[in-house]
Amino acid sequence: MPSASYPPSPVTLTGEQVSLIPLGETHENDLIEATRDGELWRLWYTSVPSPETVKSYIETALNEQALGKSLPFAVLRHADKKIVGTTRYMNIEPGIRRLEIGSTWYATHAQRTAVNTECKYLLLQYAFESLECIAVEFRTHRFNEASRRAIQRLGAQQDGILRNHRLQPDGTLRDTVVYSILIQEWPVVKSHLRFKLAGGGR
């Protein structure tokens with residue numbers, strides 16, 4: 001895969017089951033439908049937008065993109081051509097090739113499927129093989145057990161817990177668990193994810 005510029009510019013990443021396409025204002029209605037599937041915004045330990053705040057969620061993501069801080073994607077499922085969620089590169093560090101994959105959420109019916117595995121595979125492959133990142137981070141709420149298990153299944157290692165790290169919308173303080181995959185770990189993680197995508201597990 002050819003080398004790409006850093007910080008990353010909008011790009012489409014295509015797999016067998018999903019494509020990650022640059023997030024835009026035209027995805028508002030699709031993401032409203034996705035967030036209503038399971039009423040994801042009601043989970044207090046997540047930062048999923050409500051139907052009423054999807055518009056501002058997209059605007060914020062695009063503003064961060066313009067500043068070179070993030071690169072957001074909409075998740076397009078090939079089988080039915082539906083947008084089933086969103087994800088992004090974020091906390092992009094300009095002085096060193098290190099970034100975070102985060103702000104990821106999917107409609108409930110798309111969770112616990114191969115969608116997340118392929119999304120992460122595409123993002124990690126592009127980060128390590130085209131952007132030539134030295135490390136990719138994942139962060140989540142200490143109480144978001146489902147997210148923590150999903151990150152661990154990717155092969156990421158826990159770096160630590162940042163206590164009282166963020167103020168949540170409900171006024172509580174979030175302890176953030178930090179995971180990472182290093183460039184030298186990518187070949188093994190890549191083989192692991194390819195095995196899962198080939199039917200060896202999710």
# chains A, B, ... in the order shown; residues from 1 in each chain; ligands from 1

$ residues_around --residues "Arg166 of chain A" --least-positions-apart "4" --cutoff "10 Å" --atoms "only C-alpha atoms" --output "PyMOL selection string"
chain A and resi 141+162+171-176

$ residues_around --residues "Leu67 of chain A" --least-positions-apart "3" --cutoff "12 Å" --atoms "only C-alpha atoms" --output "NGL selection string"
:A and (7-9 or 60-64 or 70-71 or 90-94)

$ residues_around --residues "segment 35-37 of chain A" --least-positions-apart "6" --cutoff "7 Å" --atoms "only C-alpha atoms" --output "PyMOL selection string"
chain A and resi 50-51+107-108

$ write_last_selection --atoms "C-alpha atoms" --output "CSV table (one decimal), in the first residue's frame"
chain,number,residue,atom,x,y,z
A,50,SER,CA,-29.0,11.6,20.4
A,51,PRO,CA,-31.2,12.1,17.3
A,107,ALA,CA,-26.5,0.7,15.3
A,108,THR,CA,-27.4,-2.0,17.7

$ select_by_dssp --residues "segment 32-75 of chain A" --states "helix (DSSP H, G or I)" --output "PyMOL selection string"
chain A and resi 32-36+40-42+51-66

$ atom_distance --atom1 "atom CA of Arg97 of chain A" --atom2 "atom CA of Trp186 of chain A"
14.7 Å

$ residues_around --residues "Leu13 of chain A" --least-positions-apart "6" --cutoff "8 Å" --atoms "only C-alpha atoms" --output "count of residues only"
5

$ select_by_dssp --residues "segment 12-187 of chain A" --states "strand (DSSP E)" --output "PyMOL selection string"
chain A and resi 13-14+18-22+71-77+82-93+98-106+135-141+157-167+173-182

$ closest_residue --among "A:Ile183, A:Ala4, A:Leu23, A:Ile134" --to "Gln65 of chain A" --atoms "only C-alpha atoms"
A:Leu23

$ residues_around --residues "Tyr179 of chain A" --least-positions-apart "2" --cutoff "12 Å" --atoms "only C-alpha atoms" --output "ChimeraX atom specification"
/A:99-102,135-142,147-162,176-177,181-182

$ atom_distance --atom1 "atom CA of Ile58 of chain A" --atom2 "atom CA of Thr12 of chain A"
17.4 Å

$ residues_around --residues "Ile83 of chain A" --least-positions-apart "6" --cutoff "8 Å" --atoms "only C-alpha atoms" --output "ChimeraX atom specification"
/A:27,30-31,34,74-77
